[in-house]
Amino acid sequence: MHVIKLQSKLREYEAHFLDDNGFMVALQRHENCVYVIDSNVWRIYAGTCFRDIPRADLIIFPVSEDRKCLRSVEELYEKFMERSAKKNMTLISIGGGIVQDVTGFTACTLYRGINWVFVPTTLLAQADSCIGSKTSLNFRGFKNLAGTFYPPSQILIYPPFLKSLEIRDYLSGLGEVAKLHVMGGEQMTSHMIEQLPLLLERNLDSLENAIFSSLQVKQNYMEGDEFDAGRRNLLNFGHCFGHALESTSNYSIPHGTAVVLGMMFANLVAKSRELLSAEKCDFLNNQLFAKLLVSSVDPENIKYDGILKAMKQDKKRVGEGLVIVLMKDDHTFVKVVDFAESELAASLEEYTKFFKTPCTL
Ligand SMILES: NC(=O)c1ccc[n+]([C@@H]2O[C@H](COP(=O)([O-])OP(=O)(O)OC[C@H]3O[C@@H](n4cnc5c(N)ncnc54)[C@H](O)[C@@H]3O)[C@@H](O)[C@H]2O)c1
Ligand SMILES: [Zn+2]
């Protein structure tokens, strides 16, 4: 099975891909553990994958975006204290990006850092967020306002978990997989387009390879820039406009789907700036990105005023212009910091036309 070795300023760590047997053995290897498990994941796998977890060591965590907050961290501190948690404990967290963010922040701050093992159970978490060290919490309506850099000491990737994901969460993860494949170059992009029918059926071999390749590309962009001061910024491809859409839709559009919509938008901007040819822009938007959307976007969410306001709040913005990462024909990327409001208006008009024809699976 695949292994990815990662280097962080804090520690070296590894992401291990596991099969049925490997997964059970890996979980039982740790001593003095407390498990925090996404309540939906627990409901589905309590009698199978997790049947040997002692109930006294278990905390079931109901997830929702508004539980990604300091109150949930306090709740976990309280539950750990009830169990007389010590500095030498291991927190094993099992779930998607929400569980990762809340438990990662908790592991980083409890006793200034306890051992943390993360078992990602969504495609987004397996193929993207599990590496990269970031933990984030929302604060009073501000998404990801507080956070730390704290990698798990070990990541256990078990692709069969993805079989039980709801289609919207699965496609959201596939959106980040598509982003990382496009960022990995032309060959990786063609390969993903070829594999798309198998990936949409959740074929486990295709999934495992796609997750592995995605993590390799992410690792490549992070190398030497763990704290996001330079090249790692390019991983925000699709995110500048995507974050704005998440916010104007009141987070009803899942993160990875907003990123897909953001990449489609960025490609229209790159086309009008003549960084990306019309053929490549149309090819990627039609043959890859549009195929990852279940339905058309609600035009209410792509209104100029709301998008402009949200893009102005982008954490990465330092000057007057808006920020957007654009793709070039050779699959290299550039962070543009002079994206003008007039350009936003013009690109939005073209974008809206694209969505006049609803995209369906
Ligand atoms: N820390 C980072 O680097 C980073 C990066 C990207 C996104 N994020 C954050 O991650 C969050 C989104 O994470 P996500 O997309 O993984 O979703 P999620 O954690 O919100 O989970 C989505 C849904 O899937 C359910 N679920 C999880 N695993 C399942 C399984 N195997 N079978 C059935 N259902 C399952 C959950 O209960 C939930 O209802 C956002 O808050 C986002 O800000 C963090
Ligand atoms: Zn993302």
# chains A, B, ... in the order shown; residues from 1 in each chain; ligands from 1
>>> residues_near_ligand(ligand="ligand 2", cutoff="7 Å", atoms="only C-alpha atoms and all ligand atoms", output="PDB file with N, CA, C and O atoms, in the first residue's frame")
ATOM      1  N   GLU A 176     -11.812  18.897  -5.237  1.00  0.00           N
ATOM      2  CA  GLU A 176     -10.428  19.170  -4.818  1.00  0.00           C
ATOM      3  C   GLU A 176      -9.455  18.219  -5.531  1.00  0.00           C
ATOM      4  O   GLU A 176      -8.336  18.586  -5.857  1.00  0.00           O
ATOM      5  N   HIS A 239     -10.129  28.930  -5.201  1.00  0.00           N
ATOM      6  CA  HIS A 239     -10.605  29.236  -3.853  1.00  0.00           C
ATOM      7  C   HIS A 239     -11.000  30.704  -3.669  1.00  0.00           C
ATOM      8  O   HIS A 239     -11.815  31.010  -2.791  1.00  0.00           O
ATOM      9  N   HIS A 255     -17.699  22.963   0.180  1.00  0.00           N
ATOM     10  CA  HIS A 255     -16.415  23.604  -0.130  1.00  0.00           C
ATOM     11  C   HIS A 255     -15.833  23.196  -1.496  1.00  0.00           C
ATOM     12  O   HIS A 255     -15.522  24.045  -2.331  1.00  0.00           O
ATOM     13  N   GLY A 256     -15.696  21.887  -1.732  1.00  0.00           N
ATOM     14  CA  GLY A 256     -15.044  21.431  -2.974  1.00  0.00           C
ATOM     15  C   GLY A 256     -15.850  21.797  -4.218  1.00  0.00           C
ATOM     16  O   GLY A 256     -15.285  22.039  -5.295  1.00  0.00           O
ATOM     17  N   VAL A 259     -15.143  25.274  -4.994  1.00  0.00           N
ATOM     18  CA  VAL A 259     -13.820  25.354  -5.636  1.00  0.00           C
ATOM     19  C   VAL A 259     -13.933  25.033  -7.135  1.00  0.00           C
ATOM     20  O   VAL A 259     -13.305  25.691  -7.971  1.00  0.00           O
TER      21      VAL A 259
END
>>> residues_near_ligand(ligand="ligand 1", cutoff="6 Å", atoms="only C-alpha atoms and all ligand atoms", output="list in words")
Asp38, Asn40, Val41, Val63, Glu65, Gly95, Gly96, Gly97, Ile98, Val99, Asp101, Thr121, Thr122, Leu124, Ala125, Ser129, Lys134, Thr135, Ser136, Phe161, Leu162, Ser164, Leu165 and Asp169 of chain A
>>> select_by_dssp(residues="stretch 57-112 of chain A", states="helix (DSSP H, G or I)", output="ChimeraX atom specification")
/A:57,65-67,70-82,97-112
>>> write_last_selection(atoms="N, CA, C and O atoms", output="tab-separated table (two decimals), in the first residue's frame")
chain	number	residue	atom	x	y	z
A	57	ASP	N	-13.44	5.06	26.05
A	57	ASP	CA	-12.43	5.91	25.38
A	57	ASP	C	-13.03	6.68	24.21
A	57	ASP	O	-12.30	7.24	23.39
A	65	GLU	N	-21.08	22.87	10.35
A	65	GLU	CA	-20.11	23.96	10.20
A	65	GLU	C	-20.12	24.87	11.44
A	65	GLU	O	-19.08	25.35	11.86
A	66	ASP	N	-21.32	25.05	12.06
A	66	ASP	CA	-21.31	25.96	13.22
A	66	ASP	C	-20.78	25.30	14.49
A	66	ASP	O	-20.63	25.96	15.51
A	67	ARG	N	-20.47	24.01	14.42
A	67	ARG	CA	-19.77	23.38	15.57
A	67	ARG	C	-18.25	23.46	15.43
A	67	ARG	O	-17.51	23.00	16.29
A	70	LEU	N	-14.83	27.57	18.99
A	70	LEU	CA	-14.12	27.43	20.26
A	70	LEU	C	-14.92	26.65	21.30
A	70	LEU	O	-14.36	25.91	22.10
A	71	ARG	N	-16.26	26.79	21.26
A	71	ARG	CA	-17.11	26.07	22.23
A	71	ARG	C	-16.90	24.55	22.11
A	71	ARG	O	-16.84	23.84	23.11
A	72	SER	N	-16.75	24.07	20.88
A	72	SER	CA	-16.54	22.62	20.70
A	72	SER	C	-15.18	22.20	21.25
A	72	SER	O	-15.02	21.09	21.77
A	73	VAL	N	-14.21	23.08	21.13
A	73	VAL	CA	-12.88	22.78	21.67
A	73	VAL	C	-12.98	22.67	23.20
A	73	VAL	O	-12.47	21.72	23.81
A	74	GLU	N	-13.70	23.63	23.79
A	74	GLU	CA	-13.90	23.57	25.26
A	74	GLU	C	-14.60	22.28	25.67
A	74	GLU	O	-14.25	21.64	26.65
A	75	GLU	N	-15.62	21.93	24.87
A	75	GLU	CA	-16.38	20.69	25.15
A	75	GLU	C	-15.43	19.48	25.16
A	75	GLU	O	-15.50	18.61	26.03
A	76	LEU	N	-14.51	19.46	24.20
A	76	LEU	CA	-13.56	18.33	24.16
A	76	LEU	C	-12.59	18.39	25.34
A	76	LEU	O	-12.31	17.36	25.96
A	77	TYR	N	-12.09	19.60	25.69
A	77	TYR	CA	-11.21	19.70	26.87
A	77	TYR	C	-11.94	19.10	28.08
A	77	TYR	O	-11.37	18.34	28.86
A	78	GLU	N	-13.23	19.49	28.24
A	78	GLU	CA	-13.99	19.01	29.41
A	78	GLU	C	-14.07	17.50	29.42
A	78	GLU	O	-13.82	16.85	30.44
A	79	LYS	N	-14.37	16.92	28.25
A	79	LYS	CA	-14.51	15.46	28.19
A	79	LYS	C	-13.17	14.77	28.43
A	79	LYS	O	-13.12	13.70	29.06
A	80	PHE	N	-12.08	15.38	27.97
A	80	PHE	CA	-10.77	14.78	28.22
A	80	PHE	C	-10.44	14.83	29.71
A	80	PHE	O	-9.91	13.88	30.28
A	81	MET	N	-10.78	15.96	30.35
A	81	MET	CA	-10.49	16.10	31.79
A	81	MET	C	-11.30	15.08	32.60
A	81	MET	O	-10.79	14.49	33.55
A	82	GLU	N	-12.57	14.85	32.17
A	82	GLU	CA	-13.39	13.82	32.86
A	82	GLU	C	-12.70	12.46	32.78
A	82	GLU	O	-12.88	11.60	33.63
A	97	GLY	N	-13.31	17.00	7.27
A	97	GLY	CA	-12.59	18.24	7.52
A	97	GLY	C	-13.04	18.96	8.79
A	97	GLY	O	-12.23	19.60	9.45
A	98	ILE	N	-14.31	18.81	9.15
A	98	ILE	CA	-14.79	19.51	10.37
A	98	ILE	C	-14.15	18.87	11.60
A	98	ILE	O	-13.59	19.55	12.46
A	99	VAL	N	-14.21	17.54	11.67
A	99	VAL	CA	-13.58	16.83	12.80
A	99	VAL	C	-12.07	17.14	12.81
A	99	VAL	O	-11.47	17.39	13.85
A	100	GLN	N	-11.47	17.15	11.64
A	100	GLN	CA	-10.02	17.45	11.55
A	100	GLN	C	-9.71	18.82	12.14
A	100	GLN	O	-8.79	18.98	12.95
A	101	ASP	N	-10.49	19.84	11.76
A	101	ASP	CA	-10.20	21.20	12.23
A	101	ASP	C	-10.39	21.32	13.74
A	101	ASP	O	-9.55	21.88	14.43
A	102	VAL	N	-11.50	20.77	14.26
A	102	VAL	CA	-11.78	20.92	15.69
A	102	VAL	C	-10.78	20.10	16.53
A	102	VAL	O	-10.21	20.60	17.50
A	103	THR	N	-10.54	18.86	16.12
A	103	THR	CA	-9.65	18.02	16.94
A	103	THR	C	-8.19	18.43	16.76
A	103	THR	O	-7.40	18.33	17.69
A	104	GLY	N	-7.83	18.91	15.57
A	104	GLY	CA	-6.45	19.37	15.35
A	104	GLY	C	-6.15	20.57	16.23
A	104	GLY	O	-5.10	20.65	16.86
A	105	PHE	N	-7.10	21.51	16.31
A	105	PHE	CA	-6.92	22.69	17.15
A	105	PHE	C	-6.82	22.26	18.62
A	105	PHE	O	-5.98	22.74	19.38
A	106	THR	N	-7.69	21.31	19.00
A	106	THR	CA	-7.69	20.83	20.40
A	106	THR	C	-6.35	20.14	20.72
A	106	THR	O	-5.73	20.41	21.75
A	107	ALA	N	-5.91	19.27	19.81
A	107	ALA	CA	-4.65	18.54	20.05
A	107	ALA	C	-3.47	19.50	20.15
A	107	ALA	O	-2.55	19.31	20.94
A	108	CYS	N	-3.50	20.56	19.36
A	108	CYS	CA	-2.40	21.53	19.33
A	108	CYS	C	-2.33	22.33	20.62
A	108	CYS	O	-1.25	22.67	21.09
A	109	THR	N	-3.51	22.63	21.20
A	109	THR	CA	-3.52	23.56	22.34
A	109	THR	C	-3.57	22.87	23.70
A	109	THR	O	-3.12	23.43	24.69
A	110	LEU	N	-4.10	21.64	23.76
A	110	LEU	CA	-4.18	20.95	25.06
A	110	LEU	C	-2.76	20.61	25.53
A	110	LEU	O	-1.99	19.96	24.81
A	111	TYR	N	-2.40	21.06	26.70
A	111	TYR	CA	-1.03	20.88	27.23
A	111	TYR	C	0.03	21.33	26.21
A	111	TYR	O	1.09	20.73	26.11
A	112	ARG	N	-0.28	22.33	25.42
A	112	ARG	CA	0.61	22.83	24.33
A	112	ARG	C	0.98	21.74	23.32
A	112	ARG	O	2.04	21.78	22.72
>>> select_by_dssp(residues="stretch 110-268 of chain A", states="strand (DSSP E or B)", output="VMD selection string")
chain A and resid 115 to 120 134 to 139 142 to 149 154 to 157
